[in-house]
2 protein chains.
Amino acid sequence: MRLPPGVNEKDFADAIRQFEEVVGLDWVFTSDEDLDTYRDGYSPYQGESEERIASAAVAPDDVEEVSKVVKIANAYRIPIYAISTGRDMGYGHCAPAYSGSVVLDLKRMDRIIEVSETNAYCVVEPGVNYFDMYRYLQEKGIRLILNLPDANWGGLIGNSLDHGNGYMLPEYRDHFGSHCGMEVVLANGEIMRTGMGAIPDSKVGPQYKYGLGPYVDGIFSQGNYGVVTKMGFWMYPMPEGYFRGTVQVPRHDDLHRLVEIMSYLLDSGISNGFSSVGAPVLRSAGVTDLEHLALIEKLDARNLSPEFEKYALRKGVAYWSGTLSFYGPVKVMKAQWEYAKEKLSAIPGATFQEGDTIRFPVGPDYFEKAGTTTGRTPCGIPTLTTFGQSIRGRNPTPTMGHVWFSPVIPRTGEAIFELNRVFGQYGAETGFPQFSPSSFRMPMDFLGNRVFLALFGFKLMADVEYNRKVRAVYREAARLGAEHGWSEYRSCASFYDDLMVDFSYNNHSLMCLHETVKDAVDPNGILSAGRYGLWPKHLRHMKDAKRS
Amino acid sequence: MRLPPGVNEKDFADAIRQFEEVVGLDWVFTSDEDLDTYRDGYSPYQGESEERIASAAVAPDDVEEVSKVVKIANAYRIPIYAISTGRDMGYGHCAPAYSGSVVLDLKRMDRIIEVSETNAYCVVEPGVNYFDMYRYLQEKGIRLILNLPDANWGGLIGNSLDHGNGYMLPEYRDHFGSHCGMEVVLANGEIMRTGMGAIPDSKVGPQYKYGLGPYVDGIFSQGNYGVVTKMGFWMYPMPEGYFRGTVQVPRHDDLHRLVEIMSYLLDSGISNGFSSVGAPVLRSAGVTDLEHLALIEKLDARNLSPEFEKYALRKGVAYWSGTLSFYGPVKVMKAQWEYAKEKLSAIPGATFQEGDTIRFPVGPDYFEKAGTTTGRTPCGIPTLTTFGQSIRGRNPTPTMGHVWFSPVIPRTGEAIFELNRVFGQYGAETGFPQFSPSSFRMPMDFLGNRVFLALFGFKLMADVEYNRKVRAVYREAARLGAEHGWSEYRSCASFYDDLMVDFSYNNHSLMCLHETVKDAVDPNGILSAGRYGLWPKHLRHMKDAKRS
């Protein structure tokens with residue numbers, strides 16, 4: 001039997017027996033075979049001794065069982081690591097941040113507690129994934145629509161707590177921002193409810209976020225102060241339709257105005273869905289023109305050649321493109337798009353393309369036709385097809401997973417150029433393909449509208465040397481980003497300490513607060529040690545080592 | 001010289017001298033005359049010994065001075081109470097929650113640190129009020145518009161921290177929800193920055209809310225864990241226009257559908273501004289028809305007579321009305337309003353009225369014409385005219401202020417009826433005019449869209465007996481509300497303990513968490529003791545007394 005660090009065999013055996021009494025023999029896992037399912041399938045340390053693995057796993061069925069399990073762990077000082085569905089691929093999956101922790105697996109808690117159609121909210125347990133909710137809405141004929149992230153076997157609670165995002169209106173797209181009310185089991189096993197839910201028989205728990213007094217929900221996001229066992233979420237009432245429009249502009253310097261005008265449209269809610277920018281003239285995919293291909297071969301992301309603009313203008317190829325999306329009544333969307341076109345026409349040479357207008361609820365024909373992530377997720381139809389695109393499925397060179405390097409940068413054209421200069425230069429120096437200056441890196445998303453999210457996917461291979469290189473490059477890139485005032489919005493456990501060290505304003509005063517609160521609310525340090533660099537007191541030397 | 005409780009004269013004199021060294025002689029106040037300006041002008045205990053008053057006030061000029069003042073207070077264990085502009089009339093004003101505290105007055109810190117027009121945010125200090133920001137935008141010609149609460153000598157930070165609201169798009173209307181990033185001075189005097197701002201030279205502090213790891217900002221709202229010295233806010237880019245439309249429906253039972261359809265329009269962002277419901281047939285203001293007046297005289301809010309519906313149908317008077325507002329391009333607003341009318345026409349007999357379309361920026365003629373709160377605040381023009389309406393100015397029976405009783409109730413027609421049954425019955429039993437069953441109480445607002453906010457203003461008089469009655473009735477009403485699952489969203493210090501005691505789920509587990517965190521981050525208990533019922537350890541018996 002594996003042992004958690006610092007726990008002796010007798011104590012652990014006692015605790016396991018008590019866990020079994022609480023959740024039943026079938027729901028405590030200690031065999032290597034079972035525990036392998038709690039490994040991070042995409043670990044950057046796969047096959048190395050540093051890979052973070054669980055000593056056991058316990059899967060309670062309800063909040064009372066969670067409370068009892070936590071009390072036992074607290075009594076024996078056993079480190080536990082809570083996961084909801086454990087599907088956060090590329091950002092840590094279901095493996096503990098502190099090797100040897102007992103995984104507290106909440107996926108059996110998959111109850112949809114309440115869905116209100118007229119007040120447009122739901123209350124769920126951590127095991128409820130997007131497919132579960134979709135099926136529930138379909139079966140009951142509830143006219144609410146799901147704001148989905150890309151891979152939908154994940155759960156509403158886990159995605160929200162790790163700051164995931166979707167595609168629809170800003171108030172729903174930010175999955176943590178759209179939550180309302182929590183139930184949490186604290187380190188002492190006490191069950192707590194936040195906001196208005198703290199009033200027994202409250203009528204407005206999932207409807208008013210703040211309650212009265214300090215608003216504590218945030219400390220449970222990406223944190224290790226408690227185990228979230230229920231959350232409320234505001235949902236989007238099914239709109240009449242969905243529509244996407246694209247603008248293309250021809251000149252290098254147009255990027256600045258393009259981003260500014262798109263920002264105005266987003267901040268005003270005139271475009272109310274997901275949006276993105278692209279660089280058609282800098283992309284080789286699908287290009288057949290030999291002159292264009294020759295140009296792209298000479299691309300240097302640090303310093304784009306004026307030839308690209310000349311080519312773009314001569315051939316009518318767009319230098320930049322911007323996609324805006326719209327949800328709502330068809331006539332309103334059309335008026336919004338007309339207004340967007342008016343504004344964007346201030347850029348000379350702007351041209352526009354319009355996507356199909358999709359009407360809700362979509363029929364079974366649409367369901368079949370829109371088989372991909374791009375077609376389904378913005379319409380609230382869950383899918384796993386994203387996994388077929390890059391990692392193993394249709395990928396001609398399948399990998400052993402990936403990690404996401406995802407810095408947040410300012411929402412300006414200049415920041416996009418700077419991103420390419422900084423990481424292009426780094427790529428030129430290191431030769432690492434993710435940062436190669438021979439491809440231009442566009443931010444994927446207007447994250448939470450006000451910033452760009454740049455996404456770099458690092459492949460992992462069945463090759464320890466290669467993966468070691470990935471880790472070193474990831475860390476160096478993160479440091480480089482922080483030097484430029486950028487940082488990750490999410491990461492996997494292997495990099496938590498490296499990233500958190502950059503949040504160092506005034507001698508790490510924010511982390512000092514985190515640690516002070518941690519020591520107070522979890523004095524034995526049993527909850528999710530190491531999550532986002534936050535260690536209990538007795539393990540804090542590990543982090544200090546990283547700092548020095 | 002007044003003394004804070006538990007502090008001896010020598011220590012206090014030493015501390016005052018040190019405060020003076022930090023902020024200068026002119027900015028430390030100890031005379032009764034000066035300290036009178038820190039009394040709650042609307043205190044429900046005015047003229048009684050229980051009125052909460054300051055022992056001194058200190059007004060630092062910048063964050064470094066705040067840090068030094070807090071360090072001194074911490075060394076001498078002097079209770080301090082931070083205020084920003086101290087204008088929260090009806091919710092506590094500038095008086096400390098714990099009598100004898102030293103007020104830490106931040107109104108000299110009135111710097112507008114940054115305003116980004118293209119990225120639509122600002123960063124301000126606590127002393128910046130809505131007039132300051134309006135002037136700044138006007139002077140610089142910045143095309144951003146201010147999302148205002150009703151009384152605008154208050155500040156952006158204070159209003160946000162106390163969960164204030166405005167009139168525009170949901171993402172701006174919720175003033176705490178629209179903030180992004182904080183600077184906080186902790187009880188040990190350390191200066192901390194949250195979110196991405198914790199990265200030195202961060203480029204995205206006011207643009208991405210969450211940072212990495214636990215999101216702590218919420219604990220500083222309505223709380224006493226630190227002194228907020230800077231905050232970022234997202235602002236609304238100036239839209240083309242603003243427009244308000246009203247629907248009227250004739251039947252008693254129409255309220256249910258009216259609220260449902262309006263909710264759909266709000267949750268969908270189709271109506272993106274402030275909205276409200278009203279009951280024209282139940283209101284006497286402006287009524288001249290004698291039959292109608294006779295009916296209103298017989299009004300019983302607990303059980304509305306069918307005569308009202310008969311009268312409404314026969315005379316074409318509306319039973320209920322709903323107001324929706326819209327911001328954006330004029331063509332889009334028109335399409336949204338057309339769609340809203342289509343949806344609302346499902347209620348037989350629905351009629352519609354349209355307000356003027358106001359175009360931004362409004363000219364000086366509008367500024368003069370729209371002299372009232374209703375005209376100015378939704379257009380981002382600050383005003384104090386709200387004070388002329390009820391308290392002293394044009395009020396034929398001027399009072400000594402008021403306190404707000406403001407329960408949050410579910411967003412349903414049924415909840416409105418229940419509110420009237422419950423408080424009407426209470427009014428019938430107690431004879432207290434605020435709850436008289438002879439007037440029907442409509443919630444004022446769709447607070448944060450998902451709930452109704454009911455507002456009861458209690459007058460205060462230069463009459464100790466009367467004010468004592470007000471307090472007793474307020475407390476009883478709050479208890480009655482909590483029994484029905486409702487609670488306040490904000491209050492004044494006199495009622496903090498009474499209200500927080502209702503947030504009692506699982507033996508007050510939320511308050512236990514608050515207290516655990518309090519003891520950890522402010523071990524000497526110097527910061528804003530008693531705010532929202534949260535007392536430092538050495539004063540906690542006061543709260544326990546309330547609980548028992």
# chains A, B, ... in the order shown; residues from 1 in each chain; ligands from 1
call {"tool": "interface_residues", "arguments": {"of": "chain A", "to": "chain B", "cutoff": "6 Å", "atoms": "only C-alpha atoms", "output": "PyMOL selection string"}}
result
chain A and resi 192+198-204+207+212-216+218-219+221-223+332+335-336+410+450+485+489+502-505+509-510+517+520+532
call {"tool": "residues_around", "arguments": {"residues": "segment 89-98 of chain A", "least_positions_apart": "5", "cutoff": "7 Å", "atoms": "only C-alpha atoms", "output": "NGL selection string"}}
result
:A and (38-40 or 42 or 52-54 or 81 or 83 or 103 or 402-404 or 491-493 or 528-531)
call {"tool": "select_by_dssp", "arguments": {"residues": "segment 13-118 of chain B", "states": "strand (DSSP E or B)", "output": "VMD selection string"}}
result
chain B and resid 28 to 29 56 to 58 80 to 83 102 to 105 112 to 116
call {"tool": "write_last_selection", "arguments": {"atoms": "N, CA, C and O atoms", "output": "PDB file, in the first residue's frame"}}
result
ATOM      1  N   VAL B  28      -5.102  65.571  11.635  1.00  0.00           N
ATOM      2  CA  VAL B  28      -5.518  64.734  12.762  1.00  0.00           C
ATOM      3  C   VAL B  28      -6.533  65.543  13.549  1.00  0.00           C
ATOM      4  O   VAL B  28      -6.280  66.693  13.897  1.00  0.00           O
ATOM      5  N   PHE B  29      -7.687  64.965  13.786  1.00  0.00           N
ATOM      6  CA  PHE B  29      -8.789  65.700  14.403  1.00  0.00           C
ATOM      7  C   PHE B  29      -9.169  65.078  15.743  1.00  0.00           C
ATOM      8  O   PHE B  29      -9.415  63.869  15.808  1.00  0.00           O
ATOM      9  N   ALA B  56     -11.329  60.117  17.364  1.00  0.00           N
ATOM     10  CA  ALA B  56     -10.425  60.992  16.609  1.00  0.00           C
ATOM     11  C   ALA B  56     -10.599  60.636  15.136  1.00  0.00           C
ATOM     12  O   ALA B  56     -11.303  59.673  14.811  1.00  0.00           O
ATOM     13  N   ALA B  57      -9.989  61.443  14.296  1.00  0.00           N
ATOM     14  CA  ALA B  57      -9.979  61.105  12.874  1.00  0.00           C
ATOM     15  C   ALA B  57      -8.612  61.454  12.310  1.00  0.00           C
ATOM     16  O   ALA B  57      -7.978  62.423  12.744  1.00  0.00           O
ATOM     17  N   VAL B  58      -8.162  60.640  11.379  1.00  0.00           N
ATOM     18  CA  VAL B  58      -6.863  60.843  10.742  1.00  0.00           C
ATOM     19  C   VAL B  58      -7.077  60.753   9.239  1.00  0.00           C
ATOM     20  O   VAL B  58      -7.733  59.829   8.767  1.00  0.00           O
ATOM     21  N   ILE B  80      -9.443  51.331  14.516  1.00  0.00           N
ATOM     22  CA  ILE B  80      -9.621  52.342  13.471  1.00  0.00           C
ATOM     23  C   ILE B  80     -10.736  51.906  12.532  1.00  0.00           C
ATOM     24  O   ILE B  80     -11.012  50.712  12.370  1.00  0.00           O
ATOM     25  N   TYR B  81     -11.377  52.899  11.932  1.00  0.00           N
ATOM     26  CA  TYR B  81     -12.529  52.614  11.080  1.00  0.00           C
ATOM     27  C   TYR B  81     -12.344  53.396   9.783  1.00  0.00           C
ATOM     28  O   TYR B  81     -12.385  54.634   9.784  1.00  0.00           O
ATOM     29  N   ALA B  82     -12.097  52.664   8.693  1.00  0.00           N
ATOM     30  CA  ALA B  82     -11.810  53.341   7.423  1.00  0.00           C
ATOM     31  C   ALA B  82     -13.088  53.754   6.713  1.00  0.00           C
ATOM     32  O   ALA B  82     -14.046  52.988   6.630  1.00  0.00           O
ATOM     33  N   ILE B  83     -13.097  54.982   6.222  1.00  0.00           N
ATOM     34  CA  ILE B  83     -14.174  55.427   5.340  1.00  0.00           C
ATOM     35  C   ILE B  83     -13.518  56.010   4.085  1.00  0.00           C
ATOM     36  O   ILE B  83     -12.359  56.442   4.132  1.00  0.00           O
ATOM     37  N   VAL B 102     -11.029  55.315  15.922  1.00  0.00           N
ATOM     38  CA  VAL B 102     -10.454  56.453  15.204  1.00  0.00           C
ATOM     39  C   VAL B 102     -10.846  56.301  13.736  1.00  0.00           C
ATOM     40  O   VAL B 102     -10.586  55.257  13.127  1.00  0.00           O
ATOM     41  N   VAL B 103     -11.507  57.317  13.193  1.00  0.00           N
ATOM     42  CA  VAL B 103     -11.891  57.224  11.782  1.00  0.00           C
ATOM     43  C   VAL B 103     -10.659  57.446  10.901  1.00  0.00           C
ATOM     44  O   VAL B 103      -9.920  58.418  11.080  1.00  0.00           O
ATOM     45  N   LEU B 104     -10.435  56.519  10.015  1.00  0.00           N
ATOM     46  CA  LEU B 104      -9.367  56.665   9.023  1.00  0.00           C
ATOM     47  C   LEU B 104     -10.041  57.209   7.761  1.00  0.00           C
ATOM     48  O   LEU B 104     -10.680  56.474   7.015  1.00  0.00           O
ATOM     49  N   ASP B 105      -9.902  58.513   7.602  1.00  0.00           N
ATOM     50  CA  ASP B 105     -10.666  59.211   6.563  1.00  0.00           C
ATOM     51  C   ASP B 105      -9.804  59.295   5.291  1.00  0.00           C
ATOM     52  O   ASP B 105      -8.768  59.952   5.278  1.00  0.00           O
ATOM     53  N   ILE B 112      -7.177  60.249  -9.460  1.00  0.00           N
ATOM     54  CA  ILE B 112      -7.569  59.357 -10.546  1.00  0.00           C
ATOM     55  C   ILE B 112      -6.258  58.870 -11.160  1.00  0.00           C
ATOM     56  O   ILE B 112      -5.539  59.636 -11.805  1.00  0.00           O
ATOM     57  N   ILE B 113      -5.910  57.650 -10.879  1.00  0.00           N
ATOM     58  CA  ILE B 113      -4.577  57.139 -11.246  1.00  0.00           C
ATOM     59  C   ILE B 113      -4.475  56.935 -12.750  1.00  0.00           C
ATOM     60  O   ILE B 113      -3.485  57.254 -13.370  1.00  0.00           O
ATOM     61  N   GLU B 114      -5.525  56.382 -13.338  1.00  0.00           N
ATOM     62  CA  GLU B 114      -5.462  56.047 -14.756  1.00  0.00           C
ATOM     63  C   GLU B 114      -6.866  55.907 -15.294  1.00  0.00           C
ATOM     64  O   GLU B 114      -7.754  55.393 -14.615  1.00  0.00           O
ATOM     65  N   VAL B 115      -7.067  56.402 -16.510  1.00  0.00           N
ATOM     66  CA  VAL B 115      -8.293  56.089 -17.238  1.00  0.00           C
ATOM     67  C   VAL B 115      -7.873  55.658 -18.636  1.00  0.00           C
ATOM     68  O   VAL B 115      -7.146  56.373 -19.314  1.00  0.00           O
ATOM     69  N   SER B 116      -8.290  54.480 -19.041  1.00  0.00           N
ATOM     70  CA  SER B 116      -8.006  54.016 -20.396  1.00  0.00           C
ATOM     71  C   SER B 116      -9.288  54.086 -21.198  1.00  0.00           C
ATOM     72  O   SER B 116     -10.270  53.421 -20.856  1.00  0.00           O
TER      73      SER B 116
END
call {"tool": "atom_distance", "arguments": {"atom1": "atom CA of Tyr136 of chain A", "atom2": "atom CA of Gly355 of chain A"}}
result
29.5 Å
call {"tool": "closest_residue", "arguments": {"among": "B:Leu539, B:Cys180, B:Met262, B:Ala75", "to": "Ile347 of chain B", "atoms": "only C-alpha atoms"}}
result
B:Met262
call {"tool": "atom_distance", "arguments": {"atom1": "atom CA of Asp88 of chain A", "atom2": "atom CA of Gly164 of chain A"}}
result
9.9 Å
call {"tool": "closest_residue", "arguments": {"among": "B:Thr37, B:Asn303, B:Thr399, B:Asn74", "to": "Asn420 of chain B", "atoms": "only C-alpha atoms"}}
result
B:Asn303
call {"tool": "residues_around", "arguments": {"residues": "segment 76-79 of chain B", "least_positions_apart": "6", "cutoff": "9 Å", "atoms": "only C-alpha atoms", "output": "ChimeraX atom specification"}}
result
/B:4-7,11-12,14-15,98,100-103,524-529
call {"tool": "atom_distance", "arguments": {"atom1": "atom CA of Arg87 of chain B", "atom2": "atom CA of Met542 of chain B"}}
result
26.9 Å
call {"tool": "closest_residue", "arguments": {"among": "A:Gly349, A:Ser406, A:Ile381, A:Gly427", "to": "Pro364 of chain A", "atoms": "only C-alpha atoms"}}
result
A:Ile381
call {"tool": "select_by_dssp", "arguments": {"residues": "segment 131-217 of chain A", "states": "helix (DSSP H, G or I)", "output": "ChimeraX atom specification"}}
result
/A:131-140,156-161,170-173,195-198,217
call {"tool": "residues_around", "arguments": {"residues": "Leu460 of chain B", "least_positions_apart": "2", "cutoff": "9 Å", "atoms": "only C-alpha atoms", "output": "ChimeraX atom specification"}}
result
/B:42-44,46,399-403,458,462-463,466-467,470
call {"tool": "residues_around", "arguments": {"residues": "Arg475 of chain B", "least_positions_apart": "6", "cutoff": "10 Å", "atoms": "only C-alpha atoms", "output": "list of chain:residue names"}}
result
B:Phe405, B:Lys469, B:Gly481, B:Ser494, B:Phe495, B:Asp498, B:Leu499
call {"tool": "residues_around", "arguments": {"residues": "Pro523 of chain A", "least_positions_apart": "6", "cutoff": "9 Å", "atoms": "only C-alpha atoms", "output": "list in words"}}
result
Ala187, Pro536 and Lys537 of chain A
call {"tool": "write_last_selection", "arguments": {"atoms": "N, CA and C atoms", "output": "PDB file, in the first residue's frame"}}
result
ATOM      1  N   ALA A 187     -11.973  22.562   6.367  1.00  0.00           N
ATOM      2  CA  ALA A 187     -10.977  21.570   6.790  1.00  0.00           C
ATOM      3  C   ALA A 187     -11.371  20.863   8.090  1.00  0.00           C
ATOM      4  N   PRO A 536       0.677  24.218   3.045  1.00  0.00           N
ATOM      5  CA  PRO A 536       0.489  24.351   4.497  1.00  0.00           C
ATOM      6  C   PRO A 536       1.835  24.610   5.155  1.00  0.00           C
ATOM      7  N   LYS A 537       1.747  25.110   6.368  1.00  0.00           N
ATOM      8  CA  LYS A 537       2.950  25.550   7.082  1.00  0.00           C
ATOM      9  C   LYS A 537       4.071  24.500   7.080  1.00  0.00           C
TER      10      LYS A 537
END
call {"tool": "closest_residue", "arguments": {"among": "A:Leu455, A:Met168, A:Leu3, A:Val422", "to": "Ser31 of chain A", "atoms": "only C-alpha atoms"}}
result
A:Leu3
call {"tool": "decode", "arguments": {"residues": "segment 2-22 of chain A", "atoms": "N, CA, C and O atoms", "output": "mmCIF file, in the first residue's frame"}}
result
data_model
loop_
_atom_site.group_PDB
_atom_site.id
_atom_site.type_symbol
_atom_site.label_atom_id
_atom_site.label_comp_id
_atom_site.auth_asym_id
_atom_site.auth_seq_id
_atom_site.Cartn_x
_atom_site.Cartn_y
_atom_site.Cartn_z
ATOM 1 N N ARG A 2 0.521 2.218 -0.871
ATOM 2 C CA ARG A 2 1.235 3.499 -0.860
ATOM 3 C C ARG A 2 0.865 4.281 0.403
ATOM 4 O O ARG A 2 -0.231 4.132 0.916
ATOM 5 N N LEU A 3 1.760 5.112 0.841
ATOM 6 C CA LEU A 3 1.504 5.912 2.047
ATOM 7 C C LEU A 3 1.625 7.406 1.728
ATOM 8 O O LEU A 3 2.515 7.802 0.995
ATOM 9 N N PRO A 4 0.754 8.212 2.299
ATOM 10 C CA PRO A 4 0.959 9.668 2.157
ATOM 11 C C PRO A 4 2.202 10.061 2.954
ATOM 12 O O PRO A 4 2.486 9.442 3.981
ATOM 13 N N PRO A 5 2.939 11.064 2.520
ATOM 14 C CA PRO A 5 4.132 11.481 3.265
ATOM 15 C C PRO A 5 3.767 11.899 4.677
ATOM 16 O O PRO A 5 2.746 12.544 4.905
ATOM 17 N N GLY A 6 4.565 11.477 5.628
ATOM 18 C CA GLY A 6 4.373 11.889 7.016
ATOM 19 C C GLY A 6 3.272 11.146 7.756
ATOM 20 O O GLY A 6 2.918 11.504 8.878
ATOM 21 N N VAL A 7 2.704 10.128 7.135
ATOM 22 C CA VAL A 7 1.639 9.361 7.805
ATOM 23 C C VAL A 7 2.140 7.930 7.960
ATOM 24 O O VAL A 7 2.653 7.337 6.998
ATOM 25 N N ASN A 8 2.045 7.360 9.179
ATOM 26 C CA ASN A 8 2.544 5.993 9.344
ATOM 27 C C ASN A 8 1.504 4.960 8.921
ATOM 28 O O ASN A 8 0.328 5.271 8.747
ATOM 29 N N GLU A 9 2.000 3.765 8.745
ATOM 30 C CA GLU A 9 1.188 2.713 8.133
ATOM 31 C C GLU A 9 -0.066 2.407 8.944
ATOM 32 O O GLU A 9 -1.148 2.237 8.384
ATOM 33 N N LYS A 10 0.095 2.371 10.256
ATOM 34 C CA LYS A 10 -1.049 2.038 11.102
ATOM 35 C C LYS A 10 -2.142 3.118 10.999
ATOM 36 O O LYS A 10 -3.315 2.824 10.806
ATOM 37 N N ASP A 11 -1.711 4.371 11.126
ATOM 38 C CA ASP A 11 -2.672 5.480 11.017
ATOM 39 C C ASP A 11 -3.385 5.450 9.663
ATOM 40 O O ASP A 11 -4.598 5.640 9.578
ATOM 41 N N PHE A 12 -2.614 5.219 8.623
ATOM 42 C CA PHE A 12 -3.225 5.247 7.301
ATOM 43 C C PHE A 12 -4.221 4.099 7.149
ATOM 44 O O PHE A 12 -5.331 4.281 6.635
ATOM 45 N N ALA A 13 -3.842 2.934 7.661
ATOM 46 C CA ALA A 13 -4.751 1.780 7.594
ATOM 47 C C ALA A 13 -6.029 2.079 8.379
ATOM 48 O O ALA A 13 -7.143 1.778 7.921
ATOM 49 N N ASP A 14 -5.871 2.703 9.538
ATOM 50 C CA ASP A 14 -7.046 3.095 10.345
ATOM 51 C C ASP A 14 -7.943 4.062 9.562
ATOM 52 O O ASP A 14 -9.165 3.908 9.523
ATOM 53 N N ALA A 15 -7.285 5.041 8.993
ATOM 54 C CA ALA A 15 -8.057 6.054 8.262
ATOM 55 C C ALA A 15 -8.793 5.421 7.077
ATOM 56 O O ALA A 15 -9.980 5.693 6.856
ATOM 57 N N ILE A 16 -8.088 4.576 6.352
ATOM 58 C CA ILE A 16 -8.710 3.922 5.191
ATOM 59 C C ILE A 16 -9.936 3.120 5.650
ATOM 60 O O ILE A 16 -11.006 3.166 5.029
ATOM 61 N N ARG A 17 -9.782 2.418 6.775
ATOM 62 C CA ARG A 17 -10.911 1.640 7.295
ATOM 63 C C ARG A 17 -12.091 2.577 7.626
ATOM 64 O O ARG A 17 -13.240 2.289 7.324
ATOM 65 N N GLN A 18 -11.761 3.705 8.202
ATOM 66 C CA GLN A 18 -12.842 4.657 8.535
ATOM 67 C C GLN A 18 -13.457 5.270 7.277
ATOM 68 O O GLN A 18 -14.662 5.470 7.210
ATOM 69 N N PHE A 19 -12.607 5.567 6.296
ATOM 70 C CA PHE A 19 -13.157 6.039 5.012
ATOM 71 C C PHE A 19 -14.144 5.006 4.467
ATOM 72 O O PHE A 19 -15.224 5.343 3.985
ATOM 73 N N GLU A 20 -13.759 3.737 4.534
ATOM 74 C CA GLU A 20 -14.615 2.661 4.012
ATOM 75 C C GLU A 20 -15.943 2.604 4.752
ATOM 76 O O GLU A 20 -16.984 2.350 4.162
ATOM 77 N N GLU A 21 -15.862 2.847 6.060
ATOM 78 C CA GLU A 21 -17.118 2.853 6.832
ATOM 79 C C GLU A 21 -18.048 3.973 6.360
ATOM 80 O O GLU A 21 -19.257 3.824 6.350
ATOM 81 N N VAL A 22 -17.464 5.067 5.971
ATOM 82 C CA VAL A 22 -18.276 6.211 5.535
ATOM 83 C C VAL A 22 -18.836 5.991 4.129
ATOM 84 O O VAL A 22 -20.036 6.141 3.894
#
